[in-house]
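What follows is model_0.txt (compact mmCIF, C-alpha atoms).
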```txt
# COMPACT_ATOMS: atom_id res chain seq x y z
CA MET A 538 -31.16 -39.31 -2.35
CA ALA A 539 -30.05 -39.72 -5.92
CA LYS A 540 -26.97 -38.00 -7.24
CA GLY A 541 -27.19 -35.86 -10.31
CA ASP A 542 -30.50 -34.04 -10.01
CA TRP A 543 -29.65 -30.91 -7.95
CA PRO A 544 -29.39 -27.55 -9.69
CA ILE A 545 -26.25 -26.80 -7.73
CA GLY A 546 -23.85 -28.97 -5.79
CA PHE A 547 -23.41 -29.59 -2.11
CA CYS A 548 -21.14 -31.95 -0.21
CA GLY A 549 -21.37 -32.81 3.46
CA GLN A 550 -24.39 -32.54 5.74
CA ARG A 551 -26.76 -29.91 7.10
CA LYS A 552 -29.35 -29.85 9.86
CA GLY A 553 -32.20 -27.32 9.71
CA GLY A 554 -35.70 -26.43 10.68
CA GLY A 555 -38.73 -25.72 8.57
CA ALA A 556 -39.94 -23.00 6.26
CA GLU A 557 -42.34 -20.11 6.81
CA VAL A 558 -44.51 -18.55 4.10
CA ARG A 559 -45.13 -14.81 4.38
CA ASN A 560 -47.60 -13.10 2.05
CA GLY A 561 -49.70 -10.28 3.50
CA ALA A 562 -52.83 -11.53 5.21
CA ARG A 563 -52.02 -15.12 4.32
CA GLN A 564 -49.64 -16.61 6.86
CA GLY A 565 -48.88 -20.24 7.25
CA ARG A 566 -46.26 -22.09 9.16
CA PHE A 567 -44.81 -25.11 7.44
CA GLU A 568 -42.92 -26.92 10.14
CA GLY A 569 -40.32 -29.22 8.73
CA ARG A 570 -38.13 -31.90 10.12
CA ALA A 571 -34.40 -32.30 10.57
CA ARG A 572 -32.77 -32.64 7.21
CA ARG A 573 -29.50 -34.40 6.47
CA LEU A 574 -27.74 -34.70 3.18
CA ARG A 575 -25.72 -37.87 3.00
CA GLY A 576 -22.49 -38.28 1.10
CA GLY A 577 -21.72 -37.45 -2.51
CA GLY A 578 -22.49 -34.28 -4.40
CA MET A 579 -25.35 -32.86 -6.32
CA GLY A 580 -25.26 -32.58 -10.08
CA ASP A 581 -27.56 -31.64 -12.92
CA GLY A 582 -28.35 -35.10 -14.24
CA CYS A 583 -28.01 -36.13 -17.85
CA SER A 584 -26.58 -33.88 -20.48
CA GLY A 585 -28.67 -32.47 -23.28
CA THR A 586 -25.98 -31.66 -25.82
CA PRO A 587 -27.28 -32.41 -29.31
CA GLY A 588 -25.22 -33.95 -32.06
CA PRO A 589 -23.94 -32.34 -35.25
CA LEU A 590 -26.19 -30.86 -37.90
CA ALA A 591 -28.36 -33.36 -39.71
CA GLY A 592 -29.08 -33.33 -43.39
CA GLN A 593 -25.58 -32.26 -44.48
CA THR A 594 -24.42 -33.02 -48.05
CA TYR A 595 -21.27 -32.50 -50.09
CA ASN A 596 -20.70 -30.99 -53.52
CA SER A 597 -20.41 -33.65 -56.20
CA SER A 598 -17.47 -31.86 -57.76
CA LEU A 599 -15.40 -32.58 -54.65
CA PRO A 600 -14.14 -36.00 -53.62
CA SER A 601 -16.51 -37.80 -51.31
CA PRO A 602 -15.34 -37.84 -47.70
CA PRO A 603 -14.74 -41.09 -45.88
CA ARG A 604 -17.72 -42.65 -44.19
CA ASN A 605 -16.48 -41.83 -40.69
CA ALA A 606 -14.96 -38.45 -41.51
CA ARG A 607 -15.82 -35.50 -39.28
CA SER A 608 -18.39 -33.10 -40.70
CA PRO A 609 -16.90 -29.82 -41.98
CA ILE A 610 -19.84 -27.99 -40.41
CA PRO A 611 -19.29 -27.56 -36.65
CA PRO A 612 -21.92 -29.00 -34.30
CA THR A 613 -24.67 -26.75 -33.10
CA SER A 614 -24.56 -24.99 -29.76
CA SER A 615 -25.86 -27.00 -26.86
CA ASN A 616 -28.56 -24.52 -25.97
CA TRP A 617 -30.44 -24.39 -29.26
CA ARG A 618 -31.07 -26.42 -32.35
CA MET A 619 -32.52 -25.70 -35.75
CA ARG A 620 -34.56 -27.78 -38.15
CA LEU A 621 -32.62 -28.10 -41.40
CA ASN A 622 -33.44 -29.63 -44.73
CA VAL A 623 -31.50 -30.17 -47.94
CA ALA A 624 -33.07 -29.54 -51.31
CA ARG A 625 -33.38 -32.50 -53.63
CA VAL A 626 -33.72 -30.53 -56.87
CA VAL A 627 -31.15 -29.09 -59.24
CA CYS A 628 -31.35 -25.31 -59.50
CA ARG A 629 -30.09 -23.40 -62.50
CA PRO A 630 -29.62 -19.61 -62.76
CA GLN A 631 -33.04 -19.15 -64.42
CA THR A 632 -34.93 -22.40 -63.87
CA CYS A 633 -35.53 -24.81 -61.05
CA LEU A 634 -36.96 -28.08 -62.29
CA GLN A 635 -38.66 -30.61 -60.07
CA PRO A 636 -37.18 -34.12 -60.43
CA ALA A 637 -40.52 -35.47 -61.70
CA LEU A 638 -40.64 -32.87 -64.52
CA ALA A 639 -36.96 -32.83 -65.45
CA PRO A 640 -35.58 -34.72 -68.48
CA PRO A 641 -34.12 -38.18 -67.82
CA LEU A 642 -30.53 -36.92 -68.11
CA LEU A 643 -31.19 -34.11 -65.66
CA ARG A 644 -32.90 -36.43 -63.18
CA THR A 645 -29.87 -38.73 -63.22
CA ALA A 646 -27.51 -35.83 -62.58
CA SER A 647 -29.59 -34.46 -59.73
CA VAL A 648 -28.62 -37.38 -57.51
CA ALA A 649 -24.98 -36.33 -57.50
CA ALA A 650 -25.31 -32.57 -58.08
CA ARG A 651 -26.90 -31.55 -54.79
CA ARG A 652 -26.09 -28.24 -53.24
CA SER A 653 -23.24 -28.15 -50.75
CA TYR A 654 -25.17 -26.13 -48.18
CA ALA A 655 -28.43 -26.48 -46.27
CA PHE A 656 -31.29 -24.05 -45.85
CA GLN A 657 -33.95 -23.77 -43.18
CA ALA A 658 -37.16 -25.67 -43.74
CA ALA A 659 -40.62 -24.13 -43.52
CA GLY A 660 -41.63 -22.92 -40.08
CA GLY A 661 -39.72 -21.07 -37.40
CA PRO A 662 -36.58 -22.46 -35.81
CA VAL A 663 -36.98 -24.56 -32.67
CA PHE A 664 -35.17 -23.11 -29.65
CA ASP A 665 -34.94 -25.45 -26.67
CA VAL A 666 -34.01 -23.90 -23.35
CA PHE A 667 -34.69 -26.87 -21.06
CA ASN A 668 -33.71 -30.51 -21.32
CA ARG A 669 -37.07 -32.29 -21.11
CA LYS A 670 -35.55 -35.68 -20.36
CA THR A 671 -33.54 -34.24 -17.47
CA LYS A 672 -36.64 -32.56 -16.08
CA TRP A 673 -38.61 -35.81 -16.38
CA LEU A 674 -35.88 -37.71 -14.50
CA GLN A 675 -35.76 -35.08 -11.75
CA ARG A 676 -39.49 -35.28 -11.18
CA GLU A 677 -39.50 -39.08 -11.24
CA ARG A 678 -36.73 -39.23 -8.63
CA ALA A 679 -38.41 -36.61 -6.45
CA ALA A 680 -41.77 -38.43 -6.47
CA ALA A 681 -40.07 -41.74 -5.64
CA HIS A 682 -39.41 -40.35 -2.11
CA VAL A 683 -43.09 -40.06 -1.26
CA GLU A 684 -43.03 -38.56 2.21
CA HIS A 685 -40.22 -36.13 1.47
CA SER A 686 -41.88 -34.87 -1.70
CA ARG A 687 -45.24 -34.49 0.07
CA GLN A 688 -43.66 -32.35 2.77
CA ALA A 689 -42.06 -30.15 0.07
CA ASP A 690 -45.37 -29.64 -1.77
CA TYR A 691 -46.36 -26.63 0.36
CA LEU A 692 -45.64 -24.17 -2.47
CA LYS A 693 -47.50 -26.12 -5.16
CA ASP A 694 -50.46 -26.67 -2.83
CA GLU A 695 -50.63 -22.95 -2.04
CA VAL A 696 -50.50 -21.89 -5.70
CA ALA A 697 -53.10 -24.53 -6.66
CA ALA A 698 -55.45 -23.22 -3.95
CA ARG A 699 -55.12 -19.68 -5.31
CA VAL A 700 -55.80 -20.89 -8.85
CA CYS A 701 -58.96 -22.67 -7.72
CA GLU A 702 -60.15 -19.60 -5.79
CA ARG A 703 -60.62 -17.84 -9.13
CA LEU A 704 -63.37 -20.34 -9.94
CA LEU A 705 -65.49 -18.86 -7.16
CA ASP A 706 -66.19 -15.85 -9.38
CA ILE A 707 -67.43 -17.97 -12.32
CA LYS A 708 -71.05 -19.02 -11.83
CA ARG A 709 -71.05 -22.00 -14.14
CA HIS A 710 -70.87 -25.79 -14.09
CA PHE A 711 -68.03 -27.49 -15.98
CA PRO A 712 -68.75 -31.05 -17.16
CA ARG A 713 -65.17 -31.82 -18.29
CA VAL A 714 -62.03 -30.03 -17.14
CA LEU A 715 -58.36 -30.58 -18.06
CA ASP A 716 -55.57 -30.07 -15.52
CA PHE A 717 -52.51 -29.70 -17.76
CA GLY A 718 -49.22 -30.35 -15.97
CA ALA A 719 -51.05 -31.75 -12.96
CA ASN A 720 -47.90 -32.68 -10.99
CA SER A 721 -49.22 -34.77 -8.06
CA CYS A 722 -52.84 -33.57 -8.60
CA ASN A 723 -52.43 -30.50 -6.39
CA VAL A 724 -55.36 -28.83 -8.20
CA ALA A 725 -57.63 -31.82 -7.57
CA ARG A 726 -56.74 -31.68 -3.88
CA ALA A 727 -57.53 -27.95 -3.74
CA LEU A 728 -60.84 -28.44 -5.56
CA ALA A 729 -61.94 -31.03 -2.99
CA ALA A 730 -61.00 -28.87 0.02
CA GLU A 731 -63.76 -27.83 2.42
CA ASN A 732 -64.68 -24.15 2.86
CA PRO A 733 -62.52 -22.79 0.02
CA ASP A 734 -63.98 -19.26 0.07
CA PRO A 735 -61.55 -16.89 1.87
CA ASP A 736 -64.31 -14.31 2.47
CA PRO A 737 -64.91 -13.98 6.24
CA ALA A 738 -68.60 -13.51 5.47
CA MET A 739 -68.65 -17.07 4.08
CA PRO A 740 -67.14 -19.21 6.86
CA VAL A 741 -68.87 -22.30 5.48
CA SER A 742 -68.86 -22.95 1.73
CA PRO A 743 -69.11 -26.09 -0.40
CA PRO A 744 -66.04 -27.49 -2.17
CA ILE A 745 -65.33 -26.11 -5.63
CA ALA A 746 -65.41 -29.71 -6.87
CA THR A 747 -69.21 -29.43 -6.89
CA LYS A 748 -68.87 -27.30 -10.04
CA ILE A 749 -66.96 -30.00 -11.94
CA SER A 750 -68.14 -33.41 -13.13
CA GLU A 751 -64.84 -34.85 -14.42
CA LEU A 752 -61.24 -33.67 -13.99
CA VAL A 753 -58.63 -35.08 -16.40
CA ALA A 754 -55.21 -34.75 -14.73
CA ALA A 755 -52.48 -34.93 -17.40
CA ASP A 756 -48.75 -35.03 -16.69
CA PRO A 757 -45.70 -36.66 -18.35
CA SER A 758 -44.31 -38.05 -15.07
CA GLU A 759 -46.22 -41.20 -14.14
CA THR A 760 -44.63 -41.53 -10.70
CA THR A 761 -45.55 -37.95 -9.83
CA LEU A 762 -49.06 -38.23 -11.25
CA TYR A 763 -49.96 -41.40 -9.31
CA ARG A 764 -48.10 -40.53 -6.09
CA ASP A 765 -51.29 -39.59 -4.22
CA ALA A 766 -53.75 -41.81 -6.09
CA ASP A 767 -54.77 -43.54 -2.85
CA LEU A 768 -55.58 -40.39 -0.83
CA PRO A 769 -59.19 -39.52 0.11
CA PHE A 770 -59.50 -36.45 -2.16
CA ASN A 771 -59.74 -38.80 -5.17
CA GLU A 772 -63.09 -40.11 -3.89
CA ASN A 773 -64.90 -36.90 -2.99
CA GLY A 774 -68.31 -37.91 -4.34
CA GLN A 775 -68.77 -34.82 -6.53
CA MET A 776 -65.88 -34.90 -9.01
CA ARG A 777 -64.38 -37.89 -10.85
CA VAL A 778 -60.57 -37.68 -11.22
CA THR A 779 -59.05 -39.35 -14.29
CA ARG A 780 -55.28 -39.53 -14.69
CA HIS A 781 -53.58 -39.47 -18.10
CA VAL A 782 -49.81 -39.85 -18.61
CA LEU A 783 -48.65 -37.64 -21.49
CA GLY A 784 -46.11 -39.01 -23.94
CA ASP A 785 -44.89 -35.49 -24.73
CA ALA A 786 -44.82 -32.74 -22.13
CA GLU A 787 -45.52 -30.09 -24.76
CA SER A 788 -48.29 -31.80 -26.72
CA LEU A 789 -52.00 -32.10 -25.91
CA PRO A 790 -53.35 -35.26 -27.61
CA TYR A 791 -56.99 -34.25 -27.30
CA GLU A 792 -59.72 -33.54 -29.81
CA LEU A 793 -60.78 -30.08 -30.88
CA ALA A 794 -63.18 -28.35 -28.44
CA SER A 795 -63.24 -31.28 -26.01
CA PHE A 796 -62.97 -29.44 -22.63
CA ASP A 797 -65.10 -26.88 -20.82
CA MET A 798 -62.12 -25.47 -18.91
CA VAL A 799 -58.34 -25.92 -18.75
CA LEU A 800 -56.38 -25.41 -15.53
CA SER A 801 -52.61 -25.35 -15.15
CA SER A 802 -50.62 -24.78 -11.97
CA MET A 803 -46.83 -24.62 -11.58
CA SER A 804 -45.84 -26.41 -14.79
CA LEU A 805 -45.80 -23.96 -17.72
CA HIS A 806 -42.48 -22.40 -16.66
CA TRP A 807 -40.71 -25.61 -17.83
CA VAL A 808 -42.21 -25.48 -21.35
CA ASN A 809 -39.82 -24.71 -24.21
CA ASP A 810 -42.51 -23.72 -26.73
CA LEU A 811 -44.86 -21.71 -24.52
CA PRO A 812 -46.68 -19.95 -27.42
CA GLY A 813 -47.34 -23.32 -29.07
CA VAL A 814 -48.66 -24.91 -25.87
CA LEU A 815 -50.99 -21.96 -25.22
CA ALA A 816 -52.31 -22.27 -28.77
CA GLN A 817 -52.99 -25.99 -28.18
CA ILE A 818 -54.84 -25.17 -24.96
CA ASN A 819 -57.00 -22.69 -26.85
CA ARG A 820 -57.69 -25.35 -29.47
CA VAL A 821 -59.03 -27.97 -27.03
CA LEU A 822 -61.35 -25.47 -25.32
CA ARG A 823 -64.99 -25.15 -26.30
CA PRO A 824 -66.23 -21.67 -27.31
CA ASP A 825 -66.61 -19.20 -24.45
CA CYS A 826 -64.70 -21.44 -22.02
CA PRO A 827 -61.84 -20.27 -19.76
CA PHE A 828 -58.19 -21.14 -19.32
CA ILE A 829 -56.87 -20.42 -15.82
CA GLY A 830 -53.17 -20.92 -15.19
CA ALA A 831 -50.31 -20.03 -12.88
CA MET A 832 -46.57 -20.27 -13.48
CA LEU A 833 -43.35 -19.03 -11.94
CA GLY A 834 -41.81 -16.05 -13.67
CA GLY A 835 -40.15 -12.69 -13.33
CA ASP A 836 -37.77 -12.35 -10.39
CA THR A 837 -38.39 -15.77 -8.88
CA LEU A 838 -35.45 -16.83 -6.65
CA PHE A 839 -33.53 -13.64 -7.43
CA GLU A 840 -31.82 -13.92 -4.02
CA LEU A 841 -30.38 -17.35 -4.85
CA ARG A 842 -29.47 -16.26 -8.37
CA THR A 843 -27.47 -13.21 -7.27
CA ALA A 844 -25.75 -15.09 -4.43
CA LEU A 845 -24.54 -17.85 -6.75
CA GLN A 846 -23.41 -15.42 -9.42
CA LEU A 847 -21.34 -13.39 -6.97
CA ALA A 848 -19.87 -16.55 -5.41
CA ASP A 849 -18.92 -17.87 -8.85
CA MET A 850 -17.23 -14.59 -9.74
CA GLU A 851 -15.33 -14.47 -6.46
CA ARG A 852 -14.11 -18.07 -6.30
CA ARG A 853 -13.92 -19.10 -9.96
CA GLY A 854 -13.66 -15.89 -11.96
CA GLY A 855 -16.76 -16.60 -14.07
CA MET A 856 -20.45 -17.41 -13.97
CA SER A 857 -22.59 -20.41 -14.88
CA PRO A 858 -26.42 -20.49 -14.97
CA HIS A 859 -27.63 -22.27 -11.82
CA VAL A 860 -31.20 -20.87 -11.81
CA SER A 861 -33.49 -21.40 -14.79
CA PRO A 862 -34.58 -18.43 -16.93
CA LEU A 863 -38.24 -17.50 -16.58
CA ALA A 864 -40.82 -15.63 -18.63
CA ASP A 865 -41.29 -11.94 -17.95
CA THR A 866 -44.60 -10.77 -16.57
CA ARG A 867 -45.06 -8.19 -19.34
CA ASP A 868 -44.80 -10.86 -22.05
CA VAL A 869 -47.49 -13.24 -20.75
CA GLY A 870 -50.39 -11.07 -21.91
CA GLY A 871 -48.94 -10.86 -25.40
CA LEU A 872 -48.46 -14.63 -25.53
CA LEU A 873 -52.09 -15.22 -24.53
CA GLN A 874 -53.31 -12.78 -27.15
CA ARG A 875 -51.10 -14.38 -29.78
CA ALA A 876 -52.58 -17.80 -28.90
CA GLY A 877 -56.09 -16.50 -29.64
CA PHE A 878 -57.48 -15.93 -26.13
CA LYS A 879 -59.92 -13.12 -25.43
CA MET A 880 -60.82 -11.10 -22.30
CA LEU A 881 -57.37 -11.53 -20.80
CA THR A 882 -56.44 -11.08 -17.15
CA VAL A 883 -52.85 -11.23 -15.88
CA ASP A 884 -51.82 -10.53 -12.30
CA VAL A 885 -48.76 -11.24 -10.17
CA GLU A 886 -48.31 -12.48 -6.61
CA ASP A 887 -45.11 -12.82 -4.60
CA ILE A 888 -44.88 -15.70 -2.14
CA ILE A 889 -41.94 -15.33 0.25
CA VAL A 890 -40.73 -18.44 2.07
CA ASP A 891 -38.18 -18.25 4.90
CA TYR A 892 -35.59 -21.03 5.18
CA PRO A 893 -32.93 -21.75 7.83
CA ASP A 894 -30.19 -21.44 5.19
CA SER A 895 -29.66 -21.67 1.44
CA PHE A 896 -28.99 -25.41 1.67
CA ALA A 897 -32.51 -26.01 3.05
CA LEU A 898 -33.88 -24.07 0.06
CA MET A 899 -31.88 -26.19 -2.39
CA GLN A 900 -33.00 -29.42 -0.74
CA ASP A 901 -36.67 -28.42 -0.97
CA LEU A 902 -36.25 -27.40 -4.61
CA GLN A 903 -34.96 -30.88 -5.35
CA ALA A 904 -37.84 -32.49 -3.45
CA MET A 905 -40.29 -30.36 -5.47
CA GLY A 906 -38.73 -31.52 -8.74
CA GLU A 907 -37.80 -27.90 -9.51
CA SER A 908 -34.06 -28.40 -10.00
CA ASN A 909 -32.15 -26.73 -12.81
CA ALA A 910 -32.62 -28.33 -16.24
CA ILE A 911 -31.06 -25.81 -18.65
CA LEU A 912 -29.48 -27.19 -21.79
CA GLY A 913 -25.72 -26.59 -21.81
CA ARG A 914 -25.46 -26.03 -18.08
CA GLU A 915 -22.30 -27.02 -16.24
CA MET A 916 -22.39 -30.67 -15.24
CA GLY A 917 -21.45 -31.99 -11.84
CA ALA A 918 -21.50 -30.53 -8.36
CA LEU A 919 -20.22 -27.13 -7.33
CA SER A 920 -17.25 -27.04 -5.02
CA ARG A 921 -17.72 -26.65 -1.30
CA ASP A 922 -16.05 -23.24 -1.14
CA VAL A 923 -18.40 -21.80 -3.81
CA LEU A 924 -21.44 -23.04 -1.92
CA LEU A 925 -20.22 -21.72 1.42
CA ALA A 926 -19.44 -18.36 -0.20
CA ALA A 927 -22.91 -18.28 -1.78
CA ASP A 928 -24.56 -18.99 1.59
CA ALA A 929 -22.56 -16.19 3.25
CA ILE A 930 -23.41 -13.75 0.44
CA TYR A 931 -27.08 -14.79 0.61
CA ARG A 932 -27.22 -13.99 4.33
CA GLU A 933 -25.36 -10.71 3.97
CA LEU A 934 -27.46 -9.34 1.09
CA HIS A 935 -30.91 -10.78 1.80
CA GLY A 936 -30.87 -12.35 5.28
CA ASN A 937 -33.57 -11.68 7.88
CA ASP A 938 -32.92 -10.36 11.37
CA ASP A 939 -33.82 -13.71 12.93
CA GLY A 940 -31.08 -15.53 10.99
CA THR A 941 -33.30 -17.06 8.29
CA VAL A 942 -32.99 -16.36 4.57
CA PRO A 943 -35.99 -15.45 2.35
CA ALA A 944 -36.77 -16.95 -1.05
CA THR A 945 -39.16 -15.10 -3.35
CA PHE A 946 -41.44 -17.04 -5.69
CA ARG A 947 -43.18 -14.72 -8.16
CA VAL A 948 -46.36 -16.38 -9.43
CA ILE A 949 -47.93 -15.12 -12.66
CA HIS A 950 -51.67 -15.80 -12.80
CA MET A 951 -53.38 -15.72 -16.19
CA ILE A 952 -56.96 -16.05 -17.39
CA GLY A 953 -58.05 -16.21 -21.03
CA TRP A 954 -61.29 -17.16 -22.73
CA GLN A 955 -61.91 -19.04 -25.94
CA GLU A 956 -63.50 -16.76 -28.50
CA SER A 957 -67.25 -17.03 -29.02
CA ALA A 958 -69.77 -15.21 -31.20
CA ASP A 959 -71.99 -14.23 -28.26
CA GLN A 960 -69.08 -13.17 -26.07
CA ALA A 961 -68.91 -9.64 -24.69
CA LYS A 962 -66.63 -7.48 -26.85
CA PRO A 963 -65.21 -4.00 -26.26
CA LEU A 964 -66.63 -1.12 -28.28
CA PRO A 965 -64.49 0.19 -31.15
CA ARG A 966 -62.00 2.93 -30.40
CA GLY A 967 -63.49 6.41 -30.68
CA SER A 968 -67.09 5.35 -30.06
CA GLY A 969 -67.28 6.78 -26.53
CA GLN A 970 -69.83 9.54 -25.85
CA ILE A 971 -68.62 10.74 -22.45
CA ASN A 972 -65.33 12.49 -21.67
CA LEU A 973 -63.83 11.07 -18.48
CA LYS A 974 -62.19 14.42 -17.73
CA ASP A 975 -65.55 16.20 -17.73
CA PHE A 976 -67.10 13.41 -15.69
CA PHE A 977 -64.57 13.66 -12.85
CA GLU A 978 -64.52 17.46 -12.91
CA ASN A 979 -68.31 17.67 -12.50
CA LYS A 980 -68.48 14.94 -9.87
```
Give the structure from the file, written as structure tokens.
Amino acid sequence: MAKGDWPIGFCGQRKGGGAEVRNGARQGRFEGRARRLRGGGMGDGCSGTPGPLAGQTYNSSLPSPPRNARSPIPPTSSNWRMRLNVARVVCRPQTCLQPALAPPLLRTASVAARRSYAFQAAGGPVFDVFNRKTKWLQRERAAAHVEHSRQADYLKDEVAARVCERLLDIKRHFPRVLDFGANSCNVARALAAENPDPDPAMPVSPPIATKISELVAADPSETTLYRDADLPFNENGQMRVTRHVLGDAESLPYELASFDMVLSSMSLHWVNDLPGVLAQINRVLRPDCPFIGAMLGGDTLFELRTALQLADMERRGGMSPHVSPLADTRDVGGLLQRAGFKMLTVDVEDIIVDYPDSFALMQDLQAMGESNAILGREMGALSRDVLLAADAIYRELHGNDDGTVPATFRVIHMIGWQESADQAKPLPRGSGQINLKDFFENK
């Protein structure tokens, strides 16, 4: 077990059982094995603190600072950064001449007479919430322990199966499909599963993979992406699985209108620029083709969040973010509409998993590659007394009668379609001919 990739710290050892998923009619028992944490503590990994502002200049009327002098502008905060640019023209009260059009004397003076302040360049500021390098390292380390990470994939496998179930309602064949943020190809495994239809009237049904000719699984973590490349689901006879390692986790290097469908399961909640990524997904879709995705959001892990906050306040007199911020359910529909999707569908499911204690939950989060990766988070491991206090608070506030502790994972499912000329569209407002009140009163 590598040090430095846990969202919160733990020292010592712990023995525990498995985890149980409870969600209405769906019940599954995920029996685990004895777990032991050996030595050391758990930290957050590498720091993501950016350097000072770039593009800073000095007024020519002031003496030039030494080469190694500290910048008079303080460095930016560690949880955001802004693109800055410095103008290279000389502005006068009534004129602003470009260097190419200015007289020779003015062009010579413009080199030394730059403005002493910077202004924002075109485009909105870039706000980074997560450290992408830290998240990449966490996922690489988690996938390096193959058996442990496979045993902790129960949540991703369950969400991927529910994403693929939505394809049962679409009567269409998809020649080329993109799985964006494929993780360990959980979607490909769910597509190749036998009898995927949960309807009791359909006890035998063909795999959903029969609807797809080629699945392109794209993910920035090579170790995670190829972890299960030798398993039988890759050679199912109906669907060809192609793996593609992304150089940038938030960029889709594909041509315009090159996919018939885009799937995404359990990866979008780590994206800094979610509106931009959704717009890229819409761009690579062909007209009248769907995007089906699922991500964690809302009140996910609220039990762990509140327990750690109260333990921090009690033992240290302050709070530090140990659980990542997540998108709100009410905002996802607006983001899809802003990205250009039509005929939107957004729904929410809560998956509740029971653990022996909070330490078993933290260990599985690390094995999933879902550790904390917030920029500006507190580095290093938490002290033992804070963790023990958090476990006691967790049990007192949220514990079950049988001694286990629940963890809630709120999954936001989203469906959007690429716009097409022959697509069904709603009638304009005010064009209705029947009053619903009269209809129900006369029924």
Smallest atom-to-atom distance to A:Leu872: which of A:Asn819, A:Ser957, A:Asn668, A:Asn720, using all atoms listed in the file?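 Smallest distance to A:Leu872 is found for A:Asn819.
For the residues A:Ile930, A:Ser801, A:Val821, A:Pro965, ranking by smallest atom-to-atom distance to A:Met850 using all atoms listed in the file places A:Ile930 first.
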Could you check how far atom CA of A:Leu783 sits from atom CA of A:Trp673, in Å to one decimal? 11.4 Å
Under the rule that only C-alpha atoms are counted, which of A:Asp765, A:Asp849, A:Asp734, A:Glu787 is the nearest residue to A:Ala698?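 Of all the options, A:Asp734 lies closest to A:Ala698.
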Give me, as a ChimeraX atom specification, all polymer residues having an atom no more than 10 Å from A:Val700, counting only C-alpha atoms and skipping those fewer than 5 positions away in the same chain. /A:694-695,724,727-728,800-802,829-831,950-952
Write out, as a PDB file, in the coordinates of the input, the residues just selected, with C-alpha atoms.
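Heads up, here's the output in part-v9.pdb:
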```
ATOM      1  CA  ASP A 694     -50.460 -26.670  -2.830  1.00  0.00           C
ATOM      2  CA  GLU A 695     -50.630 -22.950  -2.040  1.00  0.00           C
ATOM      3  CA  VAL A 724     -55.360 -28.830  -8.200  1.00  0.00           C
ATOM      4  CA  ALA A 727     -57.530 -27.950  -3.740  1.00  0.00           C
ATOM      5  CA  LEU A 728     -60.840 -28.440  -5.560  1.00  0.00           C
ATOM      6  CA  LEU A 800     -56.380 -25.410 -15.530  1.00  0.00           C
ATOM      7  CA  SER A 801     -52.610 -25.350 -15.150  1.00  0.00           C
ATOM      8  CA  SER A 802     -50.620 -24.780 -11.970  1.00  0.00           C
ATOM      9  CA  ILE A 829     -56.870 -20.420 -15.820  1.00  0.00           C
ATOM     10  CA  GLY A 830     -53.170 -20.920 -15.190  1.00  0.00           C
ATOM     11  CA  ALA A 831     -50.310 -20.030 -12.880  1.00  0.00           C
ATOM     12  CA  HIS A 950     -51.670 -15.800 -12.800  1.00  0.00           C
ATOM     13  CA  MET A 951     -53.380 -15.720 -16.190  1.00  0.00           C
ATOM     14  CA  ILE A 952     -56.960 -16.050 -17.390  1.00  0.00           C
TER      15      ILE A 952
END
```
Atom CA of A:Arg764 and atom CA of A:Ala680, how far apart in Å? 6.7 Å
Using Å and a single decimal, report how far atom CA of A:Asp825 sits from atom CA of A:Arg713.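 Answer for the atom CA of A:Arg713 to atom CA of A:Asp825 separation: 14.1 Å.
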Once you count all atoms listed in the file, which residues end up no further than 12 Å from (-27.6, -12.4, 5.5) in the file's frame, shown as an mmCIF file with C-alpha atoms, in the coordinates of the input?
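File part-v6.cif, as written:
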```cif
data_model
loop_
_atom_site.group_PDB
_atom_site.id
_atom_site.type_symbol
_atom_site.label_atom_id
_atom_site.label_comp_id
_atom_site.auth_asym_id
_atom_site.auth_seq_id
_atom_site.Cartn_x
_atom_site.Cartn_y
_atom_site.Cartn_z
ATOM 1 C CA GLU A 840 -31.820 -13.920 -4.020
ATOM 2 C CA LEU A 841 -30.380 -17.350 -4.850
ATOM 3 C CA ALA A 844 -25.750 -15.090 -4.430
ATOM 4 C CA TYR A 892 -35.590 -21.030 5.180
ATOM 5 C CA PRO A 893 -32.930 -21.750 7.830
ATOM 6 C CA ASP A 894 -30.190 -21.440 5.190
ATOM 7 C CA SER A 895 -29.660 -21.670 1.440
ATOM 8 C CA ALA A 926 -19.440 -18.360 -0.200
ATOM 9 C CA ALA A 927 -22.910 -18.280 -1.780
ATOM 10 C CA ASP A 928 -24.560 -18.990 1.590
ATOM 11 C CA ALA A 929 -22.560 -16.190 3.250
ATOM 12 C CA ILE A 930 -23.410 -13.750 0.440
ATOM 13 C CA TYR A 931 -27.080 -14.790 0.610
ATOM 14 C CA ARG A 932 -27.220 -13.990 4.330
ATOM 15 C CA GLU A 933 -25.360 -10.710 3.970
ATOM 16 C CA LEU A 934 -27.460 -9.340 1.090
ATOM 17 C CA HIS A 935 -30.910 -10.780 1.800
ATOM 18 C CA GLY A 936 -30.870 -12.350 5.280
ATOM 19 C CA ASN A 937 -33.570 -11.680 7.880
ATOM 20 C CA ASP A 938 -32.920 -10.360 11.370
ATOM 21 C CA ASP A 939 -33.820 -13.710 12.930
ATOM 22 C CA GLY A 940 -31.080 -15.530 10.990
ATOM 23 C CA THR A 941 -33.300 -17.060 8.290
ATOM 24 C CA VAL A 942 -32.990 -16.360 4.570
ATOM 25 C CA PRO A 943 -35.990 -15.450 2.350
#
```
Go through A:Gly906, A:Gly854, A:Gly877, A:Gly718 one by one, measure the shortest atom-to-atom distance of each to A:Asp785 using only C-alpha atoms, and give the residue with the smallest value. A:Gly718
Minimum-distance residue to A:Ala681, chosen among A:Ile911, A:Ala961, A:Leu762, A:Met776 (using all atoms listed in the file):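 Checking each of A:Ile911, A:Ala961, A:Leu762, A:Met776 against A:Ala681, counting all atoms listed in the file, the winner is A:Leu762.
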